[in-house]
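Data file: target_39.txt. Format and content: compact mmCIF, C-alpha atoms.
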```
# COMPACT_ATOMS: atom_id res chain seq x y z
CA MET S 135 19.93 138.60 105.73
CA PHE S 136 21.14 142.07 105.02
CA TRP S 137 24.83 141.06 105.22
CA SER S 138 24.25 138.00 103.05
CA ALA S 139 22.57 140.09 100.38
CA ALA S 140 25.40 142.63 100.51
CA LEU S 141 28.05 139.94 100.12
CA ALA S 142 26.17 138.39 97.25
CA ALA S 143 25.93 141.75 95.55
CA ASP S 144 29.66 142.38 95.99
CA SER S 145 30.61 138.93 94.68
CA THR S 146 28.73 139.33 91.43
CA PRO S 147 31.09 140.07 88.52
CA ARG S 148 30.98 143.58 87.30
CA PRO S 149 31.01 144.27 83.61
CA THR S 150 34.46 145.30 82.36
CA THR S 151 34.43 148.19 80.01
CA LEU S 152 36.84 148.71 77.12
CA ASP S 153 38.43 151.62 78.88
CA ASP S 154 39.24 149.47 81.94
CA ALA S 155 40.80 146.75 79.81
CA GLN S 156 42.86 149.27 77.87
CA LYS S 157 44.02 150.85 81.10
CA SER S 158 45.09 147.46 82.56
CA ALA S 159 47.00 146.55 79.40
CA THR S 160 48.73 149.92 79.44
CA ASN S 161 49.80 149.41 83.06
CA ALA S 162 51.14 145.91 82.34
CA ALA S 163 53.07 147.09 79.30
CA GLY S 164 54.52 149.93 81.29
CA TRP S 165 55.57 147.59 84.09
CA VAL S 166 57.23 145.22 81.61
CA GLU S 167 58.91 148.13 79.83
CA GLU S 168 60.28 149.36 83.12
CA ASN S 169 61.65 145.98 84.28
CA TRP S 170 62.68 144.18 81.10
CA SER S 171 66.14 145.64 81.20
CA THR S 172 66.60 144.41 84.80
CA TRP S 173 65.40 140.94 83.87
CA LEU S 174 67.65 140.85 80.84
CA GLY S 175 70.63 141.91 82.91
CA ILE S 176 69.94 139.25 85.57
CA GLY S 177 69.49 136.54 82.92
CA LEU S 178 72.68 137.49 81.12
CA ARG S 179 74.55 137.53 84.44
CA ILE S 180 73.26 134.06 85.37
CA ALA S 181 74.11 132.69 81.93
CA LEU S 182 77.62 134.17 82.13
CA ILE S 183 78.15 132.68 85.60
CA LEU S 184 77.06 129.22 84.42
CA ILE S 185 79.22 129.36 81.29
CA ILE S 186 82.30 130.43 83.23
CA ALA S 187 81.65 127.79 85.93
CA PHE S 188 81.27 124.91 83.45
CA VAL S 189 84.27 125.98 81.39
CA LEU S 190 86.46 126.40 84.46
CA ARG S 191 85.31 123.06 85.87
CA SER S 192 86.08 121.29 82.58
CA VAL S 193 89.53 122.88 82.32
CA VAL S 194 90.46 122.01 85.90
CA ARG S 195 89.26 118.42 85.64
CA ARG S 196 91.12 117.95 82.35
CA ALA S 197 94.31 119.36 83.86
CA ILE S 198 94.00 116.99 86.84
CA THR S 199 93.41 114.02 84.52
CA LYS S 200 96.50 114.87 82.43
CA LEU S 201 98.58 115.16 85.59
CA ILE S 202 97.42 111.73 86.78
CA ASP S 203 98.12 110.18 83.36
CA ARG S 204 101.62 111.62 83.38
CA MET S 205 102.25 110.09 86.82
CA ASN S 206 101.08 106.69 85.54
CA ARG S 207 103.27 106.88 82.41
CA THR S 208 106.30 107.65 84.57
CA ALA S 209 105.60 104.63 86.74
CA GLN S 210 105.18 102.35 83.71
CA ALA S 211 108.43 103.58 82.18
CA VAL S 212 110.54 102.53 85.19
CA ASP S 213 108.66 99.34 86.00
CA GLY S 214 110.84 96.24 85.74
CA THR S 215 114.12 98.17 85.91
CA ALA S 216 116.57 98.67 88.75
CA LEU S 217 115.11 102.12 89.31
CA GLY S 218 111.66 100.58 89.51
CA GLY S 219 112.70 98.66 92.58
CA LEU S 220 113.40 101.92 94.36
CA LEU S 221 109.96 103.23 93.50
CA VAL S 222 106.54 101.83 94.17
CA ASN S 223 105.04 99.37 91.68
CA VAL S 224 102.75 100.36 88.85
CA GLU S 225 99.53 99.14 90.45
CA ARG S 226 100.26 100.98 93.66
CA ARG S 227 101.01 104.24 91.84
CA ARG S 228 97.96 103.77 89.63
CA GLN S 229 95.56 103.36 92.55
CA ARG S 230 97.19 106.14 94.52
CA SER S 231 97.07 108.54 91.58
CA ALA S 232 93.48 107.52 90.79
CA ALA S 233 92.42 108.20 94.37
CA ILE S 234 94.23 111.54 94.45
CA GLY S 235 92.69 112.50 91.10
CA SER S 236 89.20 111.57 92.29
CA VAL S 237 89.61 113.67 95.43
CA LEU S 238 90.99 116.66 93.54
CA ARG S 239 88.27 116.52 90.88
CA SER S 240 85.54 116.26 93.51
CA VAL S 241 86.94 119.16 95.52
CA ALA S 242 87.35 121.31 92.40
CA SER S 243 83.80 120.59 91.23
CA PHE S 244 82.35 121.31 94.66
CA LEU S 245 84.18 124.62 95.01
CA ILE S 246 83.45 125.86 91.49
CA MET S 247 79.79 124.85 91.30
CA GLY S 248 79.12 125.89 94.90
CA THR S 249 80.56 129.33 94.25
CA ALA S 250 78.52 129.62 91.05
CA ALA S 251 75.31 128.69 92.89
CA LEU S 252 75.92 131.35 95.53
CA MET S 253 76.62 133.96 92.86
CA ILE S 254 73.37 133.08 91.05
CA LEU S 255 71.35 133.42 94.25
CA SER S 256 73.02 136.74 94.89
CA ALA S 257 72.16 137.89 91.37
CA LEU S 258 68.51 137.04 92.02
CA GLN S 259 68.70 139.33 95.07
CA ILE S 260 68.03 136.47 97.49
CA ASN S 261 69.23 137.03 101.03
CA LEU S 262 71.95 134.42 101.63
CA ALA S 263 72.28 134.96 105.38
CA PRO S 264 69.40 132.61 106.43
CA LEU S 265 70.50 130.06 103.83
CA LEU S 266 74.10 130.04 105.02
CA ALA S 267 72.99 129.83 108.66
CA SER S 268 70.72 126.88 107.88
CA ALA S 269 73.50 125.19 105.91
CA GLY S 270 75.88 125.69 108.82
CA VAL S 271 73.46 124.12 111.28
CA ALA S 272 72.77 121.22 108.91
CA GLY S 273 76.51 120.73 108.39
CA VAL S 274 77.13 120.56 112.13
CA ALA S 275 74.29 118.04 112.59
CA ILE S 276 75.53 115.88 109.73
CA GLY S 277 79.08 116.14 111.06
CA PHE S 278 78.03 114.85 114.48
CA GLY S 279 75.89 112.09 113.00
CA ALA S 280 78.45 110.88 110.48
CA ARG S 281 81.64 111.68 112.38
CA ASN S 282 83.01 108.16 111.86
CA LEU S 283 82.48 108.42 108.12
CA VAL S 284 84.11 111.86 108.02
CA THR S 285 87.02 110.56 110.10
CA ASP S 286 87.52 107.61 107.74
CA PHE S 287 87.39 109.85 104.70
CA LEU S 288 89.83 112.44 106.03
CA SER S 289 92.22 109.75 107.26
CA GLY S 290 92.13 108.11 103.84
CA VAL S 291 92.83 111.40 102.08
CA PHE S 292 95.86 112.19 104.24
CA MET S 293 97.09 108.60 104.05
CA ILE S 294 97.05 108.70 100.25
CA LEU S 295 98.57 112.16 100.01
CA GLU S 296 101.39 111.20 102.41
CA ASP S 297 101.91 107.82 100.66
CA GLN S 298 101.96 105.89 103.94
CA TYR S 299 101.35 102.57 102.17
CA GLY S 300 100.06 101.26 98.86
CA VAL S 301 99.11 98.15 96.92
CA GLY S 302 101.64 95.35 97.40
CA ASP S 303 103.03 96.63 100.70
CA SER S 304 103.22 94.40 103.75
CA VAL S 305 101.85 96.44 106.63
CA ASP S 306 100.94 96.04 110.28
CA ALA S 307 97.94 98.24 111.02
CA GLY S 308 97.50 97.17 114.62
CA VAL S 309 93.97 95.84 114.15
CA ALA S 310 95.15 93.61 111.26
CA SER S 311 98.28 92.84 109.28
CA GLY S 312 98.98 91.52 105.81
CA GLU S 313 99.54 92.59 102.21
CA VAL S 314 97.63 95.60 100.88
CA ILE S 315 95.44 94.60 97.92
CA GLU S 316 93.28 97.74 97.62
CA VAL S 317 93.44 101.28 98.97
CA GLY S 318 90.30 103.39 99.25
CA LEU S 319 89.32 106.69 100.80
CA ARG S 320 87.26 104.95 103.49
CA VAL S 321 88.42 101.31 103.68
CA THR S 322 91.73 99.53 103.07
CA LYS S 323 91.77 95.83 102.13
CA LEU S 324 94.50 93.58 103.52
CA ARG S 325 95.18 89.91 102.73
CA GLY S 326 96.40 88.04 105.78
CA ASP S 327 98.97 85.26 105.98
CA ASN S 328 96.24 82.58 105.82
CA GLY S 329 94.52 84.13 102.80
CA GLU S 330 91.79 85.98 104.68
CA ILE S 331 90.85 89.50 103.61
CA TRP S 332 90.66 92.23 106.25
CA TYR S 333 88.56 95.35 105.69
CA VAL S 334 90.17 98.03 107.83
CA ARG S 335 88.52 101.44 108.19
CA ASN S 336 91.06 104.19 107.73
CA GLY S 337 89.80 106.04 110.78
CA GLU S 338 90.58 103.03 113.02
CA VAL S 339 94.27 102.94 112.08
CA LYS S 340 96.13 104.71 114.88
CA ARG S 341 99.58 103.58 113.83
CA ILE S 342 100.91 101.81 110.75
CA GLY S 343 104.06 99.77 110.26
CA ASN S 344 105.14 99.49 106.61
CA LEU S 345 107.50 96.59 105.97
CA SER S 346 107.97 97.41 102.27
CA GLN S 347 109.28 100.97 102.21
CA GLY S 348 112.89 102.08 102.00
CA TRP S 349 114.84 98.86 102.44
CA ALA S 350 114.59 95.57 104.33
CA THR S 351 117.08 93.46 106.28
CA ALA S 352 117.63 89.74 105.77
CA ALA S 353 119.19 88.29 108.94
CA LEU S 354 119.90 84.65 109.79
CA ASP S 355 121.90 82.65 112.33
CA VAL S 356 124.37 79.91 111.38
CA GLN S 357 125.06 77.52 114.27
CA VAL S 358 128.19 75.38 113.99
CA ARG S 359 130.21 73.24 116.37
CA ALA S 360 132.42 74.94 118.90
CA GLU S 361 135.49 73.19 117.48
CA GLU S 362 135.12 74.73 114.00
CA ASP S 363 137.57 77.30 112.67
CA LEU S 364 135.86 80.72 112.75
CA ASP S 365 138.05 82.14 110.00
CA GLN S 366 137.09 79.29 107.70
CA VAL S 367 133.40 79.73 108.53
CA ARG S 368 133.63 83.46 107.77
CA ALA S 369 135.44 82.80 104.48
CA VAL S 370 132.86 80.25 103.32
CA ILE S 371 129.89 82.50 104.13
CA THR S 372 131.55 85.53 102.54
CA GLN S 373 132.22 83.60 99.33
CA VAL S 374 128.58 82.48 99.27
CA GLY S 375 127.49 86.13 99.47
CA VAL S 376 129.84 87.16 96.67
CA ASP S 377 128.62 84.40 94.35
CA MET S 378 124.98 85.11 95.15
CA ALA S 379 125.34 88.84 94.41
CA LYS S 380 126.53 88.03 90.87
CA GLU S 381 123.50 85.98 89.85
CA GLU S 382 120.02 86.93 88.69
CA PRO S 383 117.71 88.05 90.25
CA TRP S 384 119.67 88.38 93.47
CA ASN S 385 121.95 91.06 92.06
CA GLU S 386 118.95 93.47 92.06
CA ARG S 387 117.43 92.28 95.33
CA LEU S 388 120.69 92.58 97.26
CA TRP S 389 121.45 96.25 97.78
CA GLU S 390 124.61 95.72 99.85
CA PRO S 391 127.15 92.89 100.15
CA ILE S 392 126.29 90.11 102.56
CA GLU S 393 128.07 90.78 105.85
CA VAL S 394 129.16 88.38 108.59
CA LEU S 395 128.49 90.36 111.75
CA GLY S 396 130.34 87.96 114.05
CA LEU S 397 129.50 85.65 116.92
CA ASP S 398 126.07 86.14 118.36
CA ALA S 399 126.32 83.46 121.06
CA VAL S 400 128.80 80.85 122.31
CA TYR S 401 127.80 77.60 124.04
CA LEU S 402 129.74 74.59 125.32
CA GLU S 403 129.14 72.53 122.20
CA SER S 404 128.21 75.13 119.57
CA MET S 405 128.43 78.76 118.52
CA ILE S 406 126.13 81.03 116.49
CA VAL S 407 127.35 83.27 113.67
CA ARG S 408 125.06 86.16 112.68
CA VAL S 409 124.75 87.00 108.94
CA SER S 410 122.97 90.10 107.62
CA ALA S 411 122.17 91.66 104.23
CA ARG S 412 120.25 94.77 103.12
CA THR S 413 117.68 93.91 100.46
CA MET S 414 114.97 95.41 98.31
CA PRO S 415 111.74 96.15 100.26
CA GLY S 416 109.54 93.10 100.54
CA LYS S 417 112.24 90.69 99.36
CA ALA S 418 113.97 89.93 102.65
CA LEU S 419 112.20 86.60 103.22
CA GLY S 420 113.15 85.23 99.80
CA VAL S 421 116.76 86.33 100.25
CA GLU S 422 116.94 84.64 103.66
CA ARG S 423 115.68 81.33 102.25
CA GLU S 424 118.09 81.36 99.33
CA LEU S 425 120.98 82.35 101.57
CA ARG S 426 120.26 79.51 103.99
CA TRP S 427 120.18 77.06 101.10
CA ARG S 428 123.51 78.21 99.71
CA ILE S 429 125.26 78.43 103.09
CA LYS S 430 124.16 74.91 104.01
CA LYS S 431 125.54 73.47 100.76
CA ALA S 432 128.80 75.43 101.05
CA LEU S 433 129.39 74.35 104.64
CA ASN S 434 128.76 70.72 103.76
CA GLU S 435 131.29 70.92 100.95
CA ALA S 436 133.83 72.51 103.31
CA GLY S 437 133.29 69.79 105.92
CA ILE S 438 131.78 72.15 108.50
CA GLN S 439 128.93 70.61 110.42
CA LEU S 440 125.85 72.44 111.60
CA VAL S 441 124.32 71.65 114.96
CA GLY S 442 120.97 72.29 116.54
CA ARG S 443 120.26 75.12 118.91
CA PRO S 444 120.76 74.13 122.56
CA LEU S 445 117.89 74.25 124.97
CA ASP S 446 117.07 77.58 126.50
CA PRO S 447 118.71 77.66 129.95
CA GLU S 448 115.66 79.42 131.35
CA LEU S 449 113.47 76.51 130.29
CA GLN S 450 115.71 73.82 131.79
CA THR S 451 114.85 72.47 135.25
CA ASP S 452 117.42 71.47 137.86
CA ALA S 453 117.97 67.77 138.52
CA GLY S 454 116.19 66.48 141.61
CA ASP S 455 117.97 65.50 144.84
CA PRO S 456 118.95 61.79 144.65
CA SER S 457 118.21 61.37 148.32
CA ALA S 458 114.66 62.59 147.75
CA ALA S 459 113.73 59.17 146.35
CA ALA S 460 115.08 57.28 149.41
CA ALA S 461 112.49 55.86 151.79
CA ALA S 462 112.25 57.06 155.35
CA PRO S 463 114.03 54.89 157.97
CA SER S 464 111.79 52.14 159.33
CA ALA S 465 112.05 49.87 162.36
CA LEU S 466 111.26 46.90 160.12
CA ALA S 467 114.55 47.39 158.29
CA ASN S 468 116.49 46.13 161.33
CA PRO S 469 116.06 42.30 161.56
CA ASP S 470 117.01 42.31 165.25
CA SER S 471 114.27 44.72 166.25
CA PRO S 472 111.16 43.40 168.05
CA GLN S 473 108.96 44.82 165.33
CA SER S 474 110.84 42.88 162.65
CA ALA S 475 110.71 39.64 164.70
CA ALA S 476 106.99 40.04 165.27
CA ALA S 477 106.37 40.60 161.55
CA SER S 478 108.53 37.68 160.35
CA PRO S 479 106.70 34.42 159.49
CA LEU S 480 107.20 31.42 161.79
CA THR S 481 109.33 28.53 160.49
CA PRO S 482 108.76 24.86 161.42
CA GLY S 483 110.52 23.82 164.66
CA THR S 484 110.53 27.31 166.11
CA GLY S 485 108.18 28.82 168.55
CA PRO S 486 106.47 27.29 171.58
CA ALA S 487 105.89 23.49 171.57
CA ALA S 488 102.35 22.31 171.28
CA PRO S 489 100.99 20.15 174.10
CA SER S 490 101.03 16.43 173.16
CA ALA S 491 98.55 13.77 174.37
CA THR S 492 99.95 11.08 176.79
CA VAL S 493 99.49 7.57 175.52
CA PRO S 494 98.71 5.13 178.39
CA PRO S 495 100.84 1.96 178.58
CA PRO S 496 99.26 -1.29 177.57
CA ALA S 497 97.51 -3.27 180.39
CA ALA S 498 99.23 -6.39 181.73
CA LYS S 499 97.65 -9.67 180.97
```
Please express what this file holds, its structure, as structure tokens.
Amino acid sequence: MFWSAALAADSTPRPTTLDDAQKSATNAAGWVEENWSTWLGIGLRIALILIIAFVLRSVVRRAITKLIDRMNRTAQAVDGTALGGLLVNVERRRQRSAAIGSVLRSVASFLIMGTAALMILSALQINLAPLLASAGVAGVAIGFGARNLVTDFLSGVFMILEDQYGVGDSVDAGVASGEVIEVGLRVTKLRGDNGEIWYVRNGEVKRIGNLSQGWATAALDVQVRAEEDLDQVRAVITQVGVDMAKEEPWNERLWEPIEVLGLDAVYLESMIVRVSARTMPGKALGVERELRWRIKKALNEAGIQLVGRPLDPELQTDAGDPSAAAAAPSALANPDSPQSAAASPLTPGTGPAAPSATVPPPAAK
């Protein structure tokens, strides 16, 4: 009871005098007067950090955008010309430059705003050591949990920066092959030969074969009879190449004169002549088809006949032994042998005589 009464007495509000209120107001005003300059300095420092960060971020992003636009204008200027064949197409350069610009803008924004945030926390006199340690631990945990995503992203970044392939290229990625229709930082889309679309993660691509970079080779075999004149065959094919290189659009797709390499194989009834040409990337198949068409017509006009490819000697089987079909010798084959006589049918009048019944003579009268 005594302690309850004492607590009740202590909890009752005491009357505040004017002197106490004046004293509290004086203390508060003094505390504000002592710290307002510090607050003002911290606020101005934070405002200055934010202004500089936003201005710098805007300038960097605008510079990156102008650089990407200049790359696209250069690609559009050479598209459709002979020089454009040496370079990548407009869509490929556009997507590649857009991806590079997105990566650069994201990295610039992250670095600038992250640095500004750390400077603001430092201005507020917040200890950054626990925060950085926690961020490091969280980063390691996220890295282990999303390592496949990080691998895909980093592989896509390096793939785009190194220009390993782009839109319109025919590539063999190991897990899938086809024509590239879209390039992303995480996934690349390929259209296969049958029209299917493959979604290939960039981190799964261990090796890449690009069939559309540099130059391509159109190679075909011309098989003629063994009796044909090789000099005439070479002259006809060479003239076909010369005429083809003078016409549109083959004059741009053929980068070197068509060359007759020589005999690739000789058989008893035919021989194979190898023809090769260096073409624009991705145009080898069309050049081969057109070249076959023209060579066939030219050889027909020259009276040179084409023949089919002989069978592969490795696939041919040896003729069987003729004696293998002969029957094994048999005792029934000899007509004089007892076995043959026993097996032969009996003819009338041969063989043992059958016993006949004796007819008694007629009785005398």
Compile the contact shell of stretch 405-407 of chain S as a PyMOL selection string: residues with an atom at most 8 Å away, counting all atoms listed in the file, same-chain residues fewer than 4 positions apart removed. chain S and resi 355-360+394-401
Polymer residues at most 6 Å from S:Phe287, only C-alpha atoms, same-chain spacing of 3 or more positions, as a list in words: Val284, Gly290, Leu319 and Arg320 of chain S
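In this model, the gap between atom CA of S:Tyr333 and atom CA of S:Val321 comes to 6.3 Å.
Nearest residue to S:Leu288, choosing from S:Ser304, S:Ser268, S:Ser404, S:Asn336 and counting all atoms listed in the file: S:Asn336.
Residue nearest S:Arg341 within the list S:Val291, S:Ala197, S:Met378, S:Gln298: S:Gln298 [criterion: smallest interatomic distance, all atoms listed in the file].
A straight line drawn from atom CA of S:Leu425 to atom CA of S:Gln366 is 17.5 Å long.
For the atom pair formed by atom CA of S:Met247 and atom CA of S:Ala233, the distance is 21.1 Å, given to one decimal.
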For S:Ala436, please output as a CSV table (one decimal) with C-alpha atoms, keeping the file's coordinate frame all residues within 9 Å (counting all atoms listed in the file; exclusion window: fewer than 5 positions along the same chain).
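Dumped everything to result18.csv:
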```csv
chain,number,residue,atom,x,y,z
S,366,GLN,CA,137.1,79.3,107.7
S,367,VAL,CA,133.4,79.7,108.5
S,370,VAL,CA,132.9,80.2,103.3
S,431,LYS,CA,125.5,73.5,100.8
```
